[in-house]
Structures are given as C-alpha cells and as structure tokens.
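query.tsv (TSV, C-alpha atoms) appears below.
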```
chain	number	residue	atom	x	y	z
A	276	MET	CA	-0.37	17.26	54.41
A	277	TRP	CA	0.26	15.48	51.12
A	278	ASP	CA	4.00	16.10	50.85
A	279	LYS	CA	6.40	13.31	51.77
A	280	GLY	CA	8.25	15.71	54.05
A	281	PHE	CA	5.18	16.49	56.18
A	282	ARG	CA	5.83	16.47	59.89
A	283	GLY	CA	3.36	16.97	62.70
A	284	ARG	CA	1.45	15.28	65.51
A	285	TYR	CA	-0.51	12.11	65.00
A	286	VAL	CA	-3.06	10.07	66.88
A	287	LEU	CA	-3.29	6.37	66.08
A	288	ILE	CA	-6.64	4.64	66.63
A	289	GLU	CA	-6.86	0.98	65.62
A	290	PRO	CA	-10.50	0.04	64.85
A	291	THR	CA	-9.58	-3.66	64.75
A	292	ASP	CA	-6.54	-5.90	64.92
A	293	TYR	CA	-8.19	-8.55	62.78
A	294	CYS	CA	-6.88	-8.82	59.22
A	295	ASN	CA	-8.05	-10.67	56.14
A	296	CYS	CA	-4.46	-11.28	55.01
A	297	ASP	CA	-1.65	-13.32	56.54
A	298	CYS	CA	1.34	-11.46	55.11
A	299	ILE	CA	4.77	-13.05	55.30
A	300	MET	CA	6.37	-9.73	56.38
A	301	CYS	CA	3.75	-8.81	58.99
A	302	THR	CA	4.73	-8.44	62.63
A	303	ARG	CA	2.68	-11.55	63.37
A	304	ALA	CA	4.67	-13.63	60.89
A	305	LEU	CA	8.05	-12.18	61.83
A	306	LEU	CA	7.51	-12.73	65.55
A	307	GLY	CA	5.63	-16.00	65.15
A	308	ILE	CA	2.73	-14.83	67.30
A	309	GLU	CA	-0.95	-14.42	66.50
A	310	ASN	CA	-1.44	-11.14	68.32
A	311	PRO	CA	1.48	-8.79	69.03
A	312	HIS	CA	-0.78	-6.72	71.34
A	313	LYS	CA	-0.84	-9.69	73.75
A	314	VAL	CA	-4.57	-9.26	74.36
A	315	PRO	CA	-7.54	-10.95	72.65
A	316	LYS	CA	-8.22	-9.58	69.17
A	317	GLY	CA	-11.42	-7.66	68.63
A	318	PHE	CA	-13.33	-4.71	67.21
A	319	MET	CA	-13.39	-1.31	68.89
A	320	ASP	CA	-16.82	-0.36	70.14
A	321	LEU	CA	-18.28	2.48	68.09
A	322	GLU	CA	-19.09	4.57	71.17
A	323	VAL	CA	-15.53	4.17	72.44
A	324	PHE	CA	-14.28	5.36	69.07
A	325	LYS	CA	-16.56	8.39	69.17
A	326	ARG	CA	-15.36	9.32	72.66
A	327	ALA	CA	-11.75	9.09	71.46
A	328	ILE	CA	-12.53	11.42	68.56
A	329	ASP	CA	-14.41	13.81	70.84
A	330	GLY	CA	-11.29	14.02	73.01
A	331	LEU	CA	-8.95	15.15	70.21
A	332	GLU	CA	-7.21	18.46	70.75
A	333	PHE	CA	-6.44	20.68	67.78
A	334	GLY	CA	-3.85	23.41	67.50
A	335	ALA	CA	-1.45	25.18	65.18
A	336	GLU	CA	0.47	21.97	64.46
A	337	PRO	CA	-1.25	19.61	61.97
A	338	LEU	CA	-2.82	16.51	63.46
A	339	ALA	CA	-2.89	13.24	61.51
A	340	LEU	CA	-5.59	10.80	62.59
A	341	LYS	CA	-4.29	7.36	61.62
A	342	LEU	CA	-7.12	4.82	61.61
A	343	PHE	CA	-5.07	1.66	61.16
A	344	TRP	CA	-2.24	-0.42	62.57
A	345	VAL	CA	-1.87	-4.20	62.74
A	346	GLY	CA	-5.37	-4.96	61.43
A	347	GLU	CA	-7.31	-4.15	58.27
A	348	SER	CA	-9.68	-1.38	59.30
A	349	MET	CA	-12.21	-2.10	56.57
A	350	LEU	CA	-13.07	-5.35	58.33
A	351	HIS	CA	-14.79	-3.36	61.08
A	352	PRO	CA	-18.58	-3.49	60.54
A	353	ASP	CA	-18.87	0.16	61.65
A	354	PHE	CA	-15.84	1.49	59.78
A	355	ARG	CA	-17.85	3.65	57.40
A	356	GLU	CA	-19.66	5.27	60.33
A	357	MET	CA	-16.31	5.76	62.08
A	358	LEU	CA	-14.95	7.55	59.03
A	359	ALA	CA	-18.03	9.71	58.76
A	360	TYR	CA	-17.91	10.68	62.44
A	361	ALA	CA	-14.19	11.48	62.40
A	362	SER	CA	-14.51	13.46	59.16
A	363	GLU	CA	-17.30	15.61	60.56
A	364	LYS	CA	-15.43	16.27	63.82
A	365	ILE	CA	-12.19	17.42	62.15
A	366	LYS	CA	-13.80	19.41	59.35
A	367	GLY	CA	-12.37	22.92	59.35
A	368	LYS	CA	-9.67	21.95	61.85
A	369	ASN	CA	-5.93	21.63	61.24
A	370	ALA	CA	-6.29	17.85	61.01
A	371	TYR	CA	-6.81	15.06	58.53
A	372	ILE	CA	-7.46	11.30	58.32
A	373	ASP	CA	-4.67	9.03	57.12
A	374	LEU	CA	-5.58	5.54	55.92
A	375	HIS	CA	-3.45	2.53	55.05
A	376	THR	CA	-5.15	-0.52	53.55
A	377	ASN	CA	-4.43	-3.69	51.59
A	378	ALA	CA	-7.31	-2.60	49.32
A	379	THR	CA	-8.66	-6.13	48.91
A	380	LEU	CA	-11.94	-5.22	50.66
A	381	LEU	CA	-12.65	-2.04	48.70
A	382	THR	CA	-16.10	-1.79	47.13
A	383	LYS	CA	-17.66	0.78	44.85
A	384	PRO	CA	-20.04	2.07	47.57
A	385	MET	CA	-17.12	2.50	49.99
A	386	ILE	CA	-15.08	4.28	47.32
A	387	GLU	CA	-17.94	6.65	46.52
A	388	PHE	CA	-18.33	7.39	50.23
A	389	MET	CA	-14.60	8.08	50.64
A	390	LEU	CA	-14.68	10.46	47.71
A	391	SER	CA	-17.38	12.45	49.51
A	392	LEU	CA	-15.08	13.16	52.49
A	393	GLY	CA	-13.05	15.76	50.63
A	394	GLU	CA	-9.99	17.28	52.25
A	395	THR	CA	-10.59	15.50	55.56
A	396	LEU	CA	-9.28	12.35	53.79
A	397	PRO	CA	-6.38	13.71	51.71
A	398	ARG	CA	-4.45	10.48	51.21
A	399	ILE	CA	-4.71	6.71	51.24
A	400	THR	CA	-1.81	4.25	51.10
A	401	PHE	CA	-2.40	0.99	49.25
A	402	SER	CA	-0.17	-1.94	50.27
A	403	LEU	CA	0.12	-4.07	47.15
A	404	ASP	CA	3.66	-5.47	47.03
A	405	ALA	CA	3.11	-7.24	43.72
A	406	MET	CA	2.18	-6.89	40.07
A	407	ASN	CA	0.72	-10.32	39.45
A	408	PRO	CA	-1.79	-12.48	41.36
A	409	GLU	CA	0.66	-15.32	42.01
A	410	THR	CA	3.19	-13.10	43.76
A	411	HIS	CA	0.46	-11.33	45.71
A	412	LYS	CA	-0.96	-14.67	46.82
A	413	ALA	CA	2.46	-15.84	48.04
A	414	ILE	CA	3.14	-12.62	49.98
A	415	ARG	CA	-0.29	-11.35	51.05
A	416	ARG	CA	-1.82	-14.71	51.80
A	417	GLY	CA	-5.61	-14.56	51.79
A	418	GLY	CA	-5.90	-11.31	49.84
A	419	ASP	CA	-7.71	-10.79	46.55
A	420	PHE	CA	-5.25	-9.13	44.16
A	421	ASP	CA	-7.65	-8.82	41.24
A	422	ASN	CA	-10.29	-7.05	43.32
A	423	ALA	CA	-7.70	-4.75	44.87
A	424	LYS	CA	-6.30	-3.73	41.48
A	425	GLN	CA	-9.72	-3.26	39.87
A	426	MET	CA	-11.10	-1.23	42.77
A	427	ILE	CA	-8.02	1.00	42.96
A	428	MET	CA	-8.25	1.71	39.26
A	429	TYR	CA	-11.96	2.48	39.66
A	430	PHE	CA	-11.10	4.76	42.61
A	431	VAL	CA	-8.61	6.76	40.53
A	432	LYS	CA	-10.90	7.03	37.50
A	433	GLU	CA	-13.93	8.01	39.58
A	434	ARG	CA	-11.98	10.73	41.35
A	435	GLU	CA	-10.89	12.06	37.97
A	436	ARG	CA	-14.42	11.83	36.57
A	437	GLN	CA	-15.72	13.91	39.47
A	438	HIS	CA	-12.81	16.38	39.13
A	439	LEU	CA	-11.86	15.91	42.78
A	440	LYS	CA	-8.49	16.68	44.33
A	441	PHE	CA	-8.70	14.18	47.21
A	442	PRO	CA	-7.89	11.60	48.28
A	443	ARG	CA	-4.42	11.31	46.79
A	444	PHE	CA	-2.85	7.87	46.57
A	445	ILE	CA	0.40	6.27	47.69
A	446	PHE	CA	1.30	2.86	46.26
A	447	GLN	CA	3.46	0.81	48.61
A	448	PHE	CA	5.78	-1.97	47.49
A	449	ILE	CA	7.73	-3.69	50.26
A	450	ILE	CA	10.83	-5.06	48.60
A	451	MET	CA	11.53	-8.74	49.26
A	452	GLU	CA	13.27	-11.57	47.47
A	453	GLU	CA	9.80	-12.87	46.53
A	454	ASN	CA	8.78	-9.74	44.58
A	455	SER	CA	11.95	-7.84	43.67
A	456	ALA	CA	11.73	-8.81	39.99
A	457	GLU	CA	8.42	-6.91	39.77
A	458	CYS	CA	9.75	-3.56	41.07
A	459	ARG	CA	10.16	-2.01	37.67
A	460	GLU	CA	6.78	-3.17	36.36
A	461	PHE	CA	5.12	-1.86	39.53
A	462	VAL	CA	6.67	1.59	39.20
A	463	GLU	CA	5.99	1.85	35.47
A	464	PHE	CA	2.40	0.62	35.66
A	465	TRP	CA	1.18	2.87	38.47
A	466	SER	CA	3.23	5.85	37.29
A	467	SER	CA	1.64	5.54	33.88
A	468	PHE	CA	-1.87	4.97	35.21
A	469	LEU	CA	-1.76	7.98	37.51
A	470	LYS	CA	-0.06	10.16	34.89
A	471	ASP	CA	1.17	13.33	36.64
A	472	GLU	CA	0.37	12.11	40.14
A	473	VAL	CA	3.23	9.81	41.01
A	474	LYS	CA	3.60	8.87	44.65
A	475	LEU	CA	5.28	5.55	45.34
A	476	ASN	CA	6.65	4.10	48.54
A	477	LEU	CA	9.33	1.48	48.04
A	478	ALA	CA	9.94	0.16	51.54
A	479	ASP	CA	12.22	-2.53	52.87
A	480	ALA	CA	10.75	-5.49	54.74
A	481	TRP	CA	12.75	-5.10	57.93
A	482	PRO	CA	14.31	-7.31	59.20
A	483	LEU	CA	14.03	-9.58	56.17
A	484	LEU	CA	16.56	-7.58	54.17
A	485	SER	CA	19.76	-5.83	55.07
A	486	ASN	CA	20.13	-2.30	53.73
A	487	GLU	CA	22.87	-3.54	51.40
A	488	ARG	CA	20.61	-6.25	49.94
A	489	ARG	CA	17.74	-3.78	49.54
A	490	VAL	CA	19.95	-1.40	47.55
A	491	GLU	CA	21.26	-4.31	45.49
A	492	LEU	CA	17.74	-5.41	44.58
A	493	LEU	CA	16.72	-1.85	43.73
A	494	LYS	CA	19.72	-1.41	41.44
A	495	GLN	CA	19.07	-4.73	39.75
A	496	ASN	CA	15.50	-3.75	39.02
A	497	TRP	CA	15.94	-0.21	37.66
A	498	VAL	CA	14.26	1.60	40.51
A	499	TYR	CA	17.22	2.72	42.63
A	500	GLU	CA	17.30	6.26	41.24
A	501	LYS	CA	13.52	6.58	41.56
A	502	PHE	CA	13.68	5.26	45.12
A	503	MET	CA	16.37	7.75	46.11
A	504	GLU	CA	14.35	10.61	44.58
A	505	LEU	CA	11.39	9.62	46.74
A	506	GLU	CA	13.54	9.18	49.82
A	507	ASN	CA	14.94	12.67	49.35
A	508	GLY	CA	11.50	14.17	48.79
A	509	ALA	CA	12.07	14.99	45.13
```

Take the structure in the file and write it out as structure tokens.
Amino acid sequence: MWDKGFRGRYVLIEPTDYCNCDCIMCTRALLGIENPHKVPKGFMDLEVFKRAIDGLEFGAEPLALKLFWVGESMLHPDFREMLAYASEKIKGKNAYIDLHTNATLLTKPMIEFMLSLGETLPRITFSLDAMNPETHKAIRRGGDFDNAKQMIMYFVKERERQHLKFPRFIFQFIIMEENSAECREFVEFWSSFLKDEVKLNLADAWPLLSNERRVELLKQNWVYEKFMELENGA
C-alpha cells in the first residue's frame, strides 16, 4: 500500500469542493471556471458520507479510500469525524485511507488524531510546490507556507517520538517556471529531514509544461536522475 507501484481499486469521496487556496495550476485556474463540477459548491452531509462508507465492498484486491479531490478536505467541519468513521469501518479489511492536502490547515490536535489511526491511514501526500514563502504565495495563493512547513515537521517528529510506522509521507512538487529553481533545495531539504524515508513526487503541471520543458527544467536543477528513479519505482 505504501509502494509507488501499488495498484488496486479505489473509491473517491470528496468531502468538500471548497478550498482555502487559489492555485495557479488548479483545474479552476486552468479552465477559468469557479467550479469544474458545474454544480454549487458545498460540504457533504455527514450522514451521506457514513452511508457511502457503509456501502463499501471489500475483497481480495486492496481498496484505497481517497478522501479528496478538487477541494481541501480539512475545511469540512466534520472531517475529523469522517476520518474516524472511515477508519473504524475499514479496520481489519484490505483497505486504507489515502489523503492529499495542502497542509496549510494542519493543527497539532489534528496531527495527534491522525497518528492514532494507525495502518488505516498509511500515507499522506503534502502539496507544497515551493521552498520559500514568496514562491508558495505566488503559486498557492491564499495558503500559509510557514504553518504548513512547521506542522509537517511537527508531524514527522511526533511520529518518530511515538515510534509509529504510519502515516508515511509523500512530498509533492509540481514543476513550473515559477518554482523550478527550488527543485534541488526541495529534494535536499525533505530528503535530509526524513533521513531514510525518502518519498518525493515531482509532477508536471499539465498542460502548463510540455514534457520536453519539464525534462529540461529537471536537468537544469539537478533532480532529473532522482525524478527518473522515482518514476521507475526505484
């Protein structure tokens, strides 16, 4: 479930399509529309969420429960209860929760709660896309870079202090002209901070970059070989 090469079924449930950031590479920005779902934005009712979880079917093939999509799930006022309910329902099953967040809304109480979920929450992807506040502000407009960085570092240290295995962390950096000069610093900083646990996702901001330009930027900024290792599952 942790390996990059994992394949299996997944169910995507979007608790909310509201987001606290207005990212320049988001579907909303690329398409020039406020809501790509073409329906009013909102928050999923907690009882509707519970019924969706109750209806999950488990089998021999692993099931990933992805609780995110266009919005930032941590904005949902009942998100902690949603996590707790889903975690309890899949415990002991061949299933797990997969989260993707911009990390700007993380708090110590939420982190401590997530650490209590154990193997039902084996990984979290943090979308950072920058190594300094100015770049983050220009790309992830509305986000709080300093809080995101501090809370992620607290998350890692607290997991180590409690000698826990999960959740593991993926650090995402979407390569754009605006941040390409920070690729190397990003890789070196988080690789060093996490020591032996290195899991980075260097993604291209389609359709902002051609594949040729992406490779060119990666080569210019030292990370091409590292990127190819990750792409090949090394």

Could you give me, as a Markdown table, every stretch 321-427 of chain A residue with an atom at most 6 Å from stretch 435-458 of chain A, plus its closest atom pair and distance in Å to one decimal, counting only C-alpha atoms, rows ordered by chain then number?
```
| residue | atom | partner | partner_atom | distance |
| --- | --- | --- | --- | --- |
| A:Gly393 | CA | A:Phe441 | CA | 5.8 |
| A:Leu396 | CA | A:Pro442 | CA | 5.7 |
| A:Pro397 | CA | A:Pro442 | CA | 4.3 |
| A:Arg398 | CA | A:Arg443 | CA | 4.5 |
| A:Ile399 | CA | A:Phe444 | CA | 5.2 |
| A:Thr400 | CA | A:Ile445 | CA | 4.5 |
| A:Phe401 | CA | A:Phe446 | CA | 5.1 |
| A:Ser402 | CA | A:Gln447 | CA | 4.8 |
| A:Asp404 | CA | A:Phe448 | CA | 4.1 |
```

Tell me, as a PyMOL selection string, which residues lie within 10 Å of stretch 345-361 of chain A, counting all atoms listed in the file; anything in the same chain fewer than 6 positions away does not count. chain A and resi 288-296+301-303+310-312+316-322+324-325+327-329+371-372+374-381+385+388-389+391-392+395-396

At what distance in Å, to one decimal, does atom CA of A:Pro315 lie from atom CA of A:Gly417?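 Separation of atom CA of A:Gly417 and atom CA of A:Pro315: 21.3 Å.
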
re atom CA of A:Trp465 and atom CA of A:Met406: distance 9.9 Å

Which distance in Å separates atom CA of A:Lys432 and atom CA of A:Asp373, to one decimal?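 Between these atoms lies a distance of 20.7 Å.
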
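Proximity to A:Arg284 was assessed for A:Lys412, A:Lys341, A:Arg326, A:Arg459 counting only C-alpha atoms; the smallest distance is recorded for A:Lys341.
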
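With all atoms listed in the file as the basis for measurement, A:Thr382 is the residue among A:Thr382, A:Tyr285, A:Ala370, A:Leu390 that approaches A:Ala423 most closely.
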
For A:Ile299, find every residue with an atom within 7 Å (counting all atoms listed in the file), except residues of its own chain fewer than 2 positions away, and show them as a count of residues only. 5

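Shortest separation to A:Met428 among A:Phe468, A:Ala339, A:Val323, A:Glu487 occurs at residue A:Phe468, atoms counted being all atoms listed in the file.
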
Considering all atoms listed in the file, state which residue in the set A:Val286, A:Met300, A:Ile308, A:Lys366 is at the smallest distance from A:Glu394.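 The answer is A:Lys366, which sits nearest to A:Glu394.
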
Can I get C-alpha atoms for stretch 381-409 of chain A, as a JSON list (two decimals), in the first residue's frame?
```
[["chain", "number", "residue", "atom", "x", "y", "z"],
["A", 381, "LEU", "CA", -2.92, 21.24, 9.83],
["A", 382, "THR", "CA", -3.04, 21.66, 13.60],
["A", 383, "LYS", "CA", -1.39, 19.76, 16.41],
["A", 384, "PRO", "CA", -4.70, 18.22, 17.61],
["A", 385, "MET", "CA", -5.48, 17.02, 14.06],
["A", 386, "ILE", "CA", -1.97, 15.59, 13.71],
["A", 387, "GLU", "CA", -2.24, 13.74, 17.01],
["A", 388, "PHE", "CA", -5.61, 12.34, 15.92],
["A", 389, "MET", "CA", -4.21, 11.19, 12.56],
["A", 390, "LEU", "CA", -1.35, 9.45, 14.30],
["A", 391, "SER", "CA", -3.90, 7.44, 16.30],
["A", 392, "LEU", "CA", -5.42, 5.93, 13.13],
["A", 393, "GLY", "CA", -2.52, 3.54, 12.58],
["A", 394, "GLU", "CA", -2.40, 1.42, 9.46],
["A", 395, "THR", "CA", -5.82, 2.57, 8.26],
["A", 396, "LEU", "CA", -4.08, 5.85, 7.28],
["A", 397, "PRO", "CA", -0.76, 4.62, 5.83],
["A", 398, "ARG", "CA", 0.14, 7.67, 3.75],
["A", 399, "ILE", "CA", -0.49, 11.36, 3.28],
["A", 400, "THR", "CA", 0.62, 13.48, 0.32],
["A", 401, "PHE", "CA", 1.57, 17.08, 1.04],
["A", 402, "SER", "CA", 1.29, 19.50, -1.90],
["A", 403, "LEU", "CA", 3.91, 22.15, -1.22],
["A", 404, "ASP", "CA", 5.43, 23.17, -4.57],
["A", 405, "ALA", "CA", 7.89, 25.60, -3.00],
["A", 406, "MET", "CA", 10.74, 26.06, -0.57],
["A", 407, "ASN", "CA", 10.20, 29.69, 0.37],
["A", 408, "PRO", "CA", 7.11, 31.69, 1.40],
["A", 409, "GLU", "CA", 7.27, 34.07, -1.57]]
```
